[in-house]
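This is data30.csv (CSV, C-alpha atoms).
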```csv
chain,number,residue,atom,x,y,z
A,1,MET,CA,-97.8,10.5,90.1
A,2,ARG,CA,-97.9,6.8,89.4
A,3,SER,CA,-100.5,5.2,87.2
A,4,SER,CA,-102.7,2.6,88.7
A,5,PRO,CA,-102.2,-1.0,87.6
A,6,VAL,CA,-105.6,-0.9,86.0
A,7,VAL,CA,-104.7,2.1,83.8
A,8,THR,CA,-101.4,0.5,82.8
A,9,THR,CA,-103.1,-2.6,81.8
A,10,MET,CA,-105.6,-0.7,79.7
A,11,LEU,CA,-102.9,1.2,78.0
A,12,LEU,CA,-100.9,-1.9,77.2
A,13,THR,CA,-104.1,-3.6,75.9
A,14,ALA,CA,-104.9,-0.6,73.6
A,15,GLY,CA,-101.3,-0.6,72.3
A,16,MET,CA,-101.4,-4.2,71.5
A,17,CYS,CA,-104.8,-3.8,69.7
A,18,LEU,CA,-103.4,-1.0,67.6
A,19,LEU,CA,-100.3,-3.0,66.7
A,20,ALA,CA,-102.5,-6.0,65.8
A,21,ALA,CA,-104.7,-3.8,63.6
A,22,GLY,CA,-101.7,-2.4,61.8
A,23,CYS,CA,-100.3,-5.8,61.2
A,24,ALA,CA,-103.6,-7.0,59.8
A,25,GLU,CA,-103.9,-4.0,57.5
A,26,LYS,CA,-100.3,-4.7,56.3
A,27,ASP,CA,-101.1,-8.3,55.7
A,28,GLN,CA,-104.2,-7.4,53.8
A,29,ARG,CA,-102.2,-5.0,51.5
A,30,LEU,CA,-99.7,-7.8,50.9
A,31,VAL,CA,-102.5,-10.2,50.0
A,32,THR,CA,-104.0,-7.7,47.6
A,33,GLN,CA,-100.6,-7.0,46.0
A,34,ASP,CA,-100.0,-10.8,45.6
A,35,GLN,CA,-103.5,-11.2,44.0
A,36,THR,CA,-102.8,-8.3,41.6
A,37,ALA,CA,-99.4,-9.8,40.7
A,38,ASP,CA,-101.0,-13.2,40.1
A,39,ARG,CA,-103.6,-11.6,37.8
A,40,ALA,CA,-101.0,-9.7,36.0
A,41,GLN,CA,-98.9,-12.9,35.5
A,42,ALA,CA,-101.9,-14.8,34.3
A,43,ARG,CA,-102.8,-12.0,31.8
A,44,ILE,CA,-99.2,-12.0,30.6
A,45,ARG,CA,-99.3,-15.7,30.0
A,46,GLU,CA,-102.6,-15.3,28.1
A,47,LEU,CA,-101.3,-12.5,26.0
A,48,GLU,CA,-98.1,-14.5,25.3
A,49,ASP,CA,-100.2,-17.4,24.1
A,50,GLN,CA,-102.2,-15.1,21.8
A,51,LEU,CA,-99.0,-13.6,20.5
A,52,ALA,CA,-97.5,-17.0,19.7
A,53,GLN,CA,-100.7,-18.0,17.9
A,54,CYS,CA,-100.7,-14.9,15.9
A,55,GLN,CA,-97.1,-15.4,15.0
A,56,GLY,CA,-97.8,-18.9,14.0
A,57,ASP,CA,-100.7,-17.8,11.8
A,58,LEU,CA,-98.5,-15.1,10.3
A,59,GLY,CA,-95.8,-17.6,9.5
A,60,ALA,CA,-98.4,-19.9,7.9
A,61,CYS,CA,-99.7,-17.0,5.9
A,62,LYS,CA,-96.2,-16.1,4.7
A,63,GLU,CA,-95.6,-19.6,3.7
A,64,ASP,CA,-98.9,-19.7,1.8
A,65,ALA,CA,-98.0,-16.3,0.1
A,66,LEU,CA,-94.6,-17.6,-1.0
A,67,ARG,CA,-96.2,-20.8,-2.3
A,68,LEU,CA,-98.8,-18.9,-4.3
A,69,GLN,CA,-96.3,-16.4,-5.7
A,70,SER,CA,-94.0,-19.3,-6.7
A,71,GLU,CA,-96.9,-20.9,-8.6
A,72,ILE,CA,-97.8,-17.6,-10.2
A,73,ASP,CA,-94.2,-17.2,-11.3
A,74,ARG,CA,-94.0,-20.7,-12.6
A,75,LEU,CA,-97.2,-20.3,-14.7
A,76,ARG,CA,-96.0,-16.9,-16.1
A,77,ASP,CA,-92.6,-18.5,-17.0
A,78,GLN,CA,-94.5,-21.3,-18.7
A,79,LEU,CA,-96.5,-18.9,-20.8
A,80,ALA,CA,-93.4,-16.8,-21.6
A,81,THR,CA,-91.2,-19.7,-22.6
A,82,GLY,CA,-93.9,-21.6,-24.5
A,83,GLN,CA,-93.4,-24.8,-22.4
A,84,ASP,CA,-97.0,-25.7,-23.3
A,85,ALA,CA,-96.3,-25.6,-27.0
A,86,SER,CA,-98.9,-27.2,-29.3
A,87,PRO,CA,-98.1,-30.1,-31.6
A,88,GLY,CA,-96.0,-28.9,-34.5
A,89,TRP,CA,-94.6,-26.0,-32.5
A,90,THR,CA,-91.2,-26.0,-30.8
A,91,ALA,CA,-90.8,-24.2,-27.5
A,92,PHE,CA,-87.9,-22.0,-26.7
A,93,PRO,CA,-87.2,-19.3,-24.0
A,94,GLY,CA,-89.6,-16.5,-24.7
A,95,GLY,CA,-92.0,-18.2,-27.0
A,96,ALA,CA,-92.5,-20.9,-29.6
A,97,MET,CA,-92.1,-21.4,-33.4
A,98,THR,CA,-93.4,-23.6,-36.2
A,99,SER,CA,-91.8,-24.3,-39.5
A,100,ILE,CA,-93.9,-25.1,-42.6
A,101,GLU,CA,-92.4,-26.6,-45.7
A,102,GLY,CA,-92.6,-24.2,-48.6
A,103,THR,CA,-94.2,-26.7,-51.0
A,104,VAL,CA,-97.1,-27.1,-48.5
A,105,LEU,CA,-97.9,-23.4,-48.8
A,106,PHE,CA,-96.8,-22.4,-52.3
A,107,ASP,CA,-96.2,-23.6,-55.8
A,108,SER,CA,-92.7,-23.1,-57.2
A,109,GLY,CA,-91.9,-19.4,-57.6
A,110,LYS,CA,-95.4,-18.4,-56.5
A,111,ARG,CA,-96.7,-16.4,-53.5
A,112,ASP,CA,-100.3,-17.5,-53.7
A,113,LEU,CA,-101.4,-20.1,-51.1
A,114,ARG,CA,-102.2,-23.6,-52.2
A,115,PRO,CA,-105.4,-25.2,-50.8
A,116,ALA,CA,-103.3,-27.4,-48.5
A,117,GLY,CA,-101.5,-24.2,-47.4
A,118,ARG,CA,-104.8,-22.6,-46.4
A,119,ARG,CA,-105.7,-25.6,-44.2
A,120,THR,CA,-102.3,-25.5,-42.6
A,121,LEU,CA,-102.6,-21.8,-41.8
A,122,GLN,CA,-106.0,-22.4,-40.3
A,123,SER,CA,-104.4,-24.7,-37.8
A,124,VAL,CA,-101.6,-22.1,-37.2
A,125,ALA,CA,-104.2,-19.4,-36.6
A,126,ASP,CA,-106.2,-21.6,-34.2
A,127,THR,CA,-103.0,-22.3,-32.2
A,128,ILE,CA,-102.0,-18.6,-32.0
A,129,LYS,CA,-105.5,-17.5,-30.9
A,130,SER,CA,-105.7,-20.2,-28.2
A,131,LYS,CA,-102.1,-20.5,-27.0
A,132,TYR,CA,-100.4,-17.2,-27.8
A,133,PRO,CA,-103.1,-14.5,-28.0
A,134,ASP,CA,-100.9,-11.9,-26.4
A,135,HIS,CA,-97.7,-12.8,-28.3
A,136,GLU,CA,-96.2,-10.9,-31.2
A,137,ILE,CA,-96.0,-12.9,-34.4
A,138,PHE,CA,-93.0,-12.9,-36.7
A,139,VAL,CA,-93.2,-14.6,-40.1
A,140,PHE,CA,-89.9,-15.3,-42.0
A,141,GLY,CA,-89.8,-16.6,-45.5
A,142,HIS,CA,-86.8,-18.7,-46.7
A,143,THR,CA,-85.8,-20.0,-50.1
A,144,ASP,CA,-83.1,-22.3,-51.5
A,145,ASN,CA,-80.1,-20.9,-53.4
A,146,GLU,CA,-81.5,-21.5,-56.9
A,147,PRO,CA,-81.6,-18.1,-58.7
A,148,ILE,CA,-84.9,-16.7,-59.9
A,149,LYS,CA,-85.3,-17.5,-63.6
A,150,TYR,CA,-88.9,-17.6,-64.7
A,151,SER,CA,-90.9,-15.7,-62.1
A,152,LYS,CA,-91.4,-12.0,-61.9
A,153,TRP,CA,-89.4,-11.6,-58.6
A,154,GLU,CA,-86.1,-9.8,-58.7
A,155,ASP,CA,-84.4,-12.3,-56.4
A,156,ASN,CA,-85.0,-14.8,-53.6
A,157,TYR,CA,-85.2,-12.0,-51.0
A,158,GLU,CA,-88.2,-10.5,-52.8
A,159,LEU,CA,-89.9,-13.9,-53.2
A,160,SER,CA,-89.3,-14.8,-49.5
A,161,CYS,CA,-90.7,-11.5,-48.4
A,162,GLN,CA,-93.8,-11.8,-50.5
A,163,ARG,CA,-94.5,-15.3,-49.2
A,164,ALA,CA,-94.1,-14.1,-45.6
A,165,LEU,CA,-96.4,-11.2,-46.3
A,166,THR,CA,-99.0,-13.6,-47.8
A,167,VAL,CA,-98.9,-15.7,-44.6
A,168,VAL,CA,-99.4,-12.6,-42.5
A,169,ARG,CA,-102.3,-11.4,-44.5
A,170,ASN,CA,-104.0,-14.7,-44.5
A,171,LEU,CA,-103.5,-15.1,-40.7
A,172,ARG,CA,-105.2,-11.7,-40.3
A,173,LYS,CA,-108.1,-12.9,-42.4
A,174,LEU,CA,-108.4,-16.0,-40.2
A,175,GLY,CA,-108.9,-13.8,-37.1
A,176,VAL,CA,-105.4,-13.5,-35.7
A,177,LYS,CA,-105.3,-10.0,-34.1
A,178,ASN,CA,-101.8,-10.2,-32.7
A,179,LEU,CA,-99.1,-7.7,-33.7
A,180,MET,CA,-97.4,-9.3,-36.8
A,181,ALA,CA,-94.4,-8.7,-38.9
A,182,ALA,CA,-93.3,-10.2,-42.3
A,183,CYS,CA,-89.7,-10.6,-43.3
A,184,GLY,CA,-87.7,-12.5,-45.9
A,185,TRP,CA,-84.3,-14.1,-45.4
A,186,GLY,CA,-84.0,-15.3,-48.9
A,187,GLU,CA,-81.4,-18.0,-49.2
A,188,SER,CA,-79.2,-16.6,-46.4
A,189,ARG,CA,-80.3,-19.0,-43.6
A,190,PRO,CA,-80.4,-22.6,-45.0
A,191,THR,CA,-81.0,-25.5,-42.8
A,192,ALA,CA,-79.3,-27.9,-45.3
A,193,PRO,CA,-76.3,-27.4,-47.6
A,194,ASN,CA,-78.4,-26.9,-50.9
A,195,ASP,CA,-76.5,-29.8,-52.5
A,196,SER,CA,-79.5,-31.9,-53.4
A,197,ALA,CA,-83.1,-31.6,-54.3
A,198,ALA,CA,-84.1,-32.9,-50.9
A,199,SER,CA,-82.0,-30.3,-49.0
A,200,ARG,CA,-83.2,-27.5,-51.3
A,201,GLN,CA,-86.7,-28.5,-50.5
A,202,ALA,CA,-86.0,-28.4,-46.8
A,203,ASN,CA,-84.6,-24.8,-47.2
A,204,ARG,CA,-87.8,-23.6,-48.9
A,205,ARG,CA,-89.9,-22.9,-45.8
A,206,VAL,CA,-91.8,-20.4,-43.8
A,207,GLU,CA,-91.1,-20.0,-40.1
A,208,ILE,CA,-93.6,-18.5,-37.7
A,209,TYR,CA,-92.5,-17.3,-34.3
A,210,ALA,CA,-94.8,-16.4,-31.4
A,211,LEU,CA,-92.8,-14.2,-29.0
A,212,ALA,CA,-93.9,-12.9,-25.6
A,213,PRO,CA,-93.9,-9.1,-25.7
A,214,LYS,CA,-90.9,-8.7,-23.3
A,215,THR,CA,-88.9,-11.1,-25.4
A,216,ALA,CA,-89.9,-9.4,-28.7
A,217,ALA,CA,-88.9,-6.0,-27.3
A,218,ALA,CA,-85.4,-7.4,-26.5
A,219,GLN,CA,-84.8,-8.6,-30.0
```
Could I get this structure in the form of structure tokens?
Amino acid sequence: MRSSPVVTTMLLTAGMCLLAAGCAEKDQRLVTQDQTADRAQARIRELEDQLAQCQGDLGACKEDALRLQSEIDRLRDQLATGQDASPGWTAFPGGAMTSIEGTVLFDSGKRDLRPAGRRTLQSVADTIKSKYPDHEIFVFGHTDNEPIKYSKWEDNYELSCQRALTVVRNLRKLGVKNLMAACGWGESRPTAPNDSAASRQANRRVEIYALAPKTAAAQ
């Protein structure tokens, strides 16, 4: 049985409508997918920008941290090596020292401080308390090579030790609370050849060392 032209036309029209509807739906899906992709790409770019900023900030923070650590290390080294030594003190790696002529502190063959020696030790004590409060203090007495004749000491070693001990005790009285040690080298470490009155006078001295704890422990 043949379909009438009218029916055929209706069927064709319906098919074309269904096809058009399907194409429109597909196009809508494509549009939606494109919009989703665009939004995703935009979000990716946004996140990448944020990441780059964070990385830049992190790099700046690392640079600041390195700079600050470098400054801390420099200041610690300065304290340890005594680079900021006070007048009358000589800096060296791990601390500083001062040398005081023996005649400033003591009369010949004596261990008792002279008035000028007390004033000198006051200056030393002030420096230790202000510049080296955490350092360990080592006091070394030195003499010339003239043998003991008229004093009660057995030899120059005993005299140099007693003078070093006198200095330590007086520094303690002047408020120095650092760990301190007293030692006598006697005549064994001259700075001059002991062949004249001037050179012997130079050898009669007291040396005071301020050593950072880690340096003192290594001695």
Residues within 10 Å of Thr127 of chain A, please, as a count of residues only. Count all atoms listed in the file; anything in the same chain fewer than 5 positions from it doesn't count. 10
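From atom CA of Ala182 of chain A back to atom CA of Arg169 of chain A, the distance works out to 9.3 Å.
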Take atom CA of Lys110 of chain A and atom CA of Gly175 of chain A and report the distance between them in Å, one decimal.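 About the pair atom CA of Lys110 of chain A and atom CA of Gly175 of chain A: they are 24.1 Å apart.
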By how many Å are atom CA of Glu146 of chain A and atom CA of Ala202 of chain A apart?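 Here the two named atoms are 13.0 Å from each other.
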A:Thr120, A:Ser151, A:Gln35, A:Ser70 ranked by distance to Val167 of chain A, top pick (using only C-alpha atoms): A:Thr120
Might you pull out every residue within 9 Å of Arg118 of chain A, with all atoms listed in the file counted and same-chain residues fewer than 5 positions away left off, and present them as a PyMOL selection string? chain A and resi 105+113+123+170
What's the 7 Å shell around segment 194-199 of chain A, counting only C-alpha atoms, without same-chain residues fewer than 2 positions away, as a list of chain:residue names?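 Final neighbour list, sorted by chain and number: A:Asp144, A:Asn145, A:Ala192, A:Gln201, A:Ala202, A:Asn203.
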Nearest residue to Ser130 of chain A from the set A:Ala210, A:Ala164, A:Ala42, A:Leu47 (distances using only C-alpha atoms): A:Ala210
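Closest approach to Ala125 of chain A from the set A:Leu171, A:Ile208, A:Ala91, A:Ile44 is made by A:Leu171, with distances taken over only C-alpha atoms.
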